[in-house]
Amino acid sequence: MLAWAPLVPALPLAAYVLHLIFGRRAGERTALFGIVALALSTLLSLAILVQVAHGAAIDRSVPWLRIGGLQVRMGFAVGPLEAVMLAMVSFISCFIEVYSMGYMHGDRRYNRFFSNVTLFVAAMLTAVIANNLLLFFAAWEVMGLCSYLLIGHWFEDPANCRAATKAFMVTRIGDVGLLLGIWWAFSLTHTFSFAALPGALGAMHLPAATLDAIALLIFLGAVGKSAQVPLQIWLPDAMAGPTPISALIHAATMVAAGVFLVARTYGIFLLAPAALHWVGIVGGISAFIPATIACVQTDIKKVLAYSTISQLGYMMLAMGVGAFEAGIFHLLTHAFFKALLFLAAGSVIHAAGTQNMHEMGGLWRKLRTTGATFVVGTLALAAIPPFSGFWSKDAILRAAWASPDRALYWLGTIAAGLTAYYMTRAVVLTFFGRPRDAHVQEHAHESPAVMLVPLVVLSVPAALLGWVVDRPLRQLLTPHAPAAAAAGVYGFLPLLLSLAGVAVGLALYLGPLARREALLRSPLVRPVYGLCKRLWFFDDLGAVVMYAVGLGPSYVIGAFDRYVVDGVVNGIGWLAMAFGRLWRKLSTGNVQAYMLTMVVALAIGLVALQAMGG
Amino acid sequence: MLSMMVFAPVLGALLLGFMGGRSPQALRSVATVFMALPLAIVVLLLATYHYGAGGLQFVQRTAWVPAWHIQYFLGVDGLSLVMLLLTAAIGVVATVASYGIGDRVREYFVWLLLLQTGILGVFCAQDLILFIFFFDVVLVPMYFLIAIWGGPRRQYAALKFLIYTFTGSVLMLVAVLALYFLTGRQTFAIPALARLAPHDLGRGLQLLLFAVIFIGFAIKLPMVPLHTWLPDAHVEAPTPVSVILAAVLLKIGGYGMLRIALPLFPQAVHALAWPIGILGVVNIIYAALAAMSQHDFKKLVAYSSVSHMGFVLLGLALATPLGIDGAIFVMFSHGLISAMLFLMVGVFYDRCHTRELSRLGGMYRTLPLAGTLLAFAALANLGLPTLSGFVGEFFTLSGVFATYRVLAFWAAFGLILVAAFNLILMQRVVMGPPRTEWESLAPVSARELITLVPLLGGVVLLGIAPAVLMNVINGPAAAIAASLGGR
């Protein structure tokens, strides 16, 4: 069965080709290509998971390219980490496509949407089973392409185009870092193989600085893809795409790929402890800052977007403190509850016709199923037991407490409180309280079954997965690891803060909003509020960098090229022409005549040479 | 066989000349047949070349000017073969793309066929004087194709092209004659000189002659700051001529460096590797920045060509099998991608009669197929993996990283800029709100698709299975690197 693993990405890839060829003729039935393929992929990857759970593994490759005397091989590998990822990605993506049938119904570019989504998933699945950095990078880039195309799905709006271009450019910065890391590792070891790289690098007795640099460059790729600080700025803008895309990008594919990359190259990071510590630091900061920003967003999708950055921060934090399995655990639970939250938010937007939570309120009465599933997702994200987020976040923060850098624990713990607060705020603003916009309230209607079924299906793992897989997953990923460290009272602190966050959220928003307004006016809160509203100036910084490094120099070089480089050329030309005016009396001034003369002279010369020789 | 291939287009040109007042259709068919003939022969050569043996094969060698030991010496190795394949294939594409030319049709195709002979000759010539002869043969038709069928500033652009390239050829001639007299070996044959010249010449002389020849080819490549003829020539040239110019003509620069400048002056190459590498990085970054600031669709694409040639320079500076493999691959892949890009410029220009980026936009919606094809070409151009642009650049830079780490970092920065101008191009042409002024444009025609689809197929094939091409160029790349002392 494991030898069939390449079929898991190959099926959606084949579906992509079908979309391209028959998509237009099939009308809205085109969605079935992708859905059937992903359903088969899901079944196959579940079968693979069962085999892997019984100890099977595979790593196969074939020669692909000989270049410069080196042999480059291509192949796939499936172990515990990959098997878990395959199952998660194909399962969630399949239901996202089902949901999209309803959400995208009547869209002008229905087929384009489904073909790009299917390719997106195929690329993610390829990245997962790739056994080498080269194939991984190719899949990684195709994923970047698909997210670019899908963020710009409604390209008629220039704002969406800018968001798409921004996403591509910002992740490109990370990608170039990853490329440099790959080149560095390859130039030392002549291999791209995930399995061989750590051993080969370790055996070379390289200076610590070199190993740290390689690991950090690879991590830069993950920072871009997983939207970690300071390259997080593309992700909130990526909300410009249709909502199912946000679910796909934020849960199963794109951003998960960054964390997966760190997990897949963990052997290299273990050789570079300083770099690994930086992974944790970036993760901790990325868990905290976006959480503060999420507290002040009014767009329901933006709240979820910043929460994604924050939750990915937790995963990186886990990697950084050596809790590899806890990071993957959170990747898994987060994928389910964040996909659920985005799809539920999509259902809300579908119903309300707005993304602004201040125009919503009281939607619970109209959207019972959507509301219930959104609350399940919220409880999971807020890490309230027994919902799934609790288990994985708890594992991460326990590991952080046990690590030498306790600051990471505190960042994560405070962010946990913030998470509970902003999600409670979102739930209350959207579903409860008095309707704030009569028009929205009047037109709101529950979504069709094709959208609700995926919500209900996904809310099951969002609720229960953490409790169910906590121990089996740990045994699968790290069979020999010691039991989680006891953290005493500090082990319960995150939970207490989460509960407090829920309480504060309820207290502030479940009632007249006047209390909140008064709070905002207080001199203590206002500057903090302003800082968060301004996104901690990261977007401004991004704009400065764009002008300082890209657009600014491009205008300078463009002008320099036109006026200086070409100016000198034309100046010389003008001088020559001036001489030419003197000469003109002797000549016709016709360039074509010169040309002919030249050719004839060349011919005569050659003939003369021949004659002399003869 | 090689002579037949090289001179088949001349036969076609003669036939066109004697055909009398036939219809344009007949002229086009004749031109196409005589353009397709070399392609068929190249495919045959590729199939029958003995890869195990390597080296020059299908050699034709007779005295031409015995007094001066000039030989009519043709022969091909893997490097020549892939360049010939590119030339012959692009020749057919350009001919089909020329069906829209309605003015002085006969004359146009005569020049186009003569141009093809010149380029094919350059890639087979194994005698330096014969090489320069073909090199100059290329100039004349190119000059007329731009000066007669070009845009409003065609005279300026054509003259600029002529002066620049002719300067390159004069520099080359000077260096070659100096080489002839200094070695005293009484031959212009490239293989013989590659064997002998390194021992005959001192380091200083090698440096001097290398520099002269290098500048000659650098103009053609083109290398910053000797590049400003290219954007002008592109903007004024008709679409098919732009296609040949970008896809094939520029490659003469890189080919000449690999065939002549490197093997003949190995010490100079080692001494100047750093400067060449730096020039390569400057090319990538400078031209990418310049491309970002362009308002003219075609100029942007022209600067993109300049930028990509920087990777060729980097590969040459490496002077290892890996670097040379990468450089050749970049050249071939750029041939396909730039041809696609220039054809797309033509597709839009033929319909909108403007190349102003600010006036285009929303083409995904107005011309869905054309928009998608342009997006494909731009993505290939920015080096998306699974397409051919990625492979050459990736492996070249992986080699650069091992030897010149700092340059690899700067080149990687260049990759961000390369992405930037391609995304700018897409954002301005295909994305955005559809414009009412372009509402009723004709969709992409079958003839346009015939020129575009094979290129697209090649780009995908080489992206997924680069070994198809790499297996042909591994041999010559290793040989060139060995002639350099194979570090």
# chains A, B, ... in the order shown; residues from 1 in each chain; ligands from 1
>>> interface_residues(of="chain A", to="chain B", cutoff="8 Å", atoms="only C-alpha atoms", output="ChimeraX atom specification")
/A:64-69,137-139,141-142,155-158,161-162,165,169,172-173,176,180,183-184,186-188,550-551,553-555,557-558,561,565-566,595,606,609-610,612-614
>>> select_by_dssp(residues="region 135-372 of chain B", states="helix (DSSP H, G or I)", output="PyMOL selection string")
chain B and resi 135-149+154-183+190-200+203-220+229-236+239-264+266-292+297-318+321-352+357-359+363-366+368-372
>>> residues_around(residues="Ser392 (chain A)", least_positions_apart="2", cutoff="8 Å", atoms="only C-alpha atoms", output="list of chain:residue names")
A:Ala326, A:Gly327, A:Phe329, A:His330, A:Thr333, A:Ser388, A:Gly389, A:Phe390, A:Asp394, A:Ala395, A:Ile396, A:Gly466, A:Asp470
>>> write_last_selection(atoms="C-alpha atoms", output="compact mmCIF listing (two decimals), in the first residue's frame")
# COMPACT_ATOMS: atom_id res chain seq x y z
CA ALA A 326 3.55 19.05 20.22
CA GLY A 327 4.04 21.42 17.28
CA PHE A 329 -0.14 18.04 17.23
CA HIS A 330 -1.16 21.70 17.22
CA THR A 333 -5.86 20.26 15.66
CA SER A 388 -9.13 19.93 20.69
CA GLY A 389 -7.06 23.13 20.88
CA PHE A 390 -6.65 22.72 24.61
CA ASP A 394 -1.24 22.65 26.69
CA ALA A 395 1.45 20.31 25.38
CA ILE A 396 3.30 23.23 23.80
CA GLY A 466 -7.25 16.58 20.74
CA ASP A 470 -3.08 13.11 22.15
>>> atom_distance(atom1="CA of Leu484 (chain B)", atom2="CA of Leu314 (chain B)")
15.7 Å
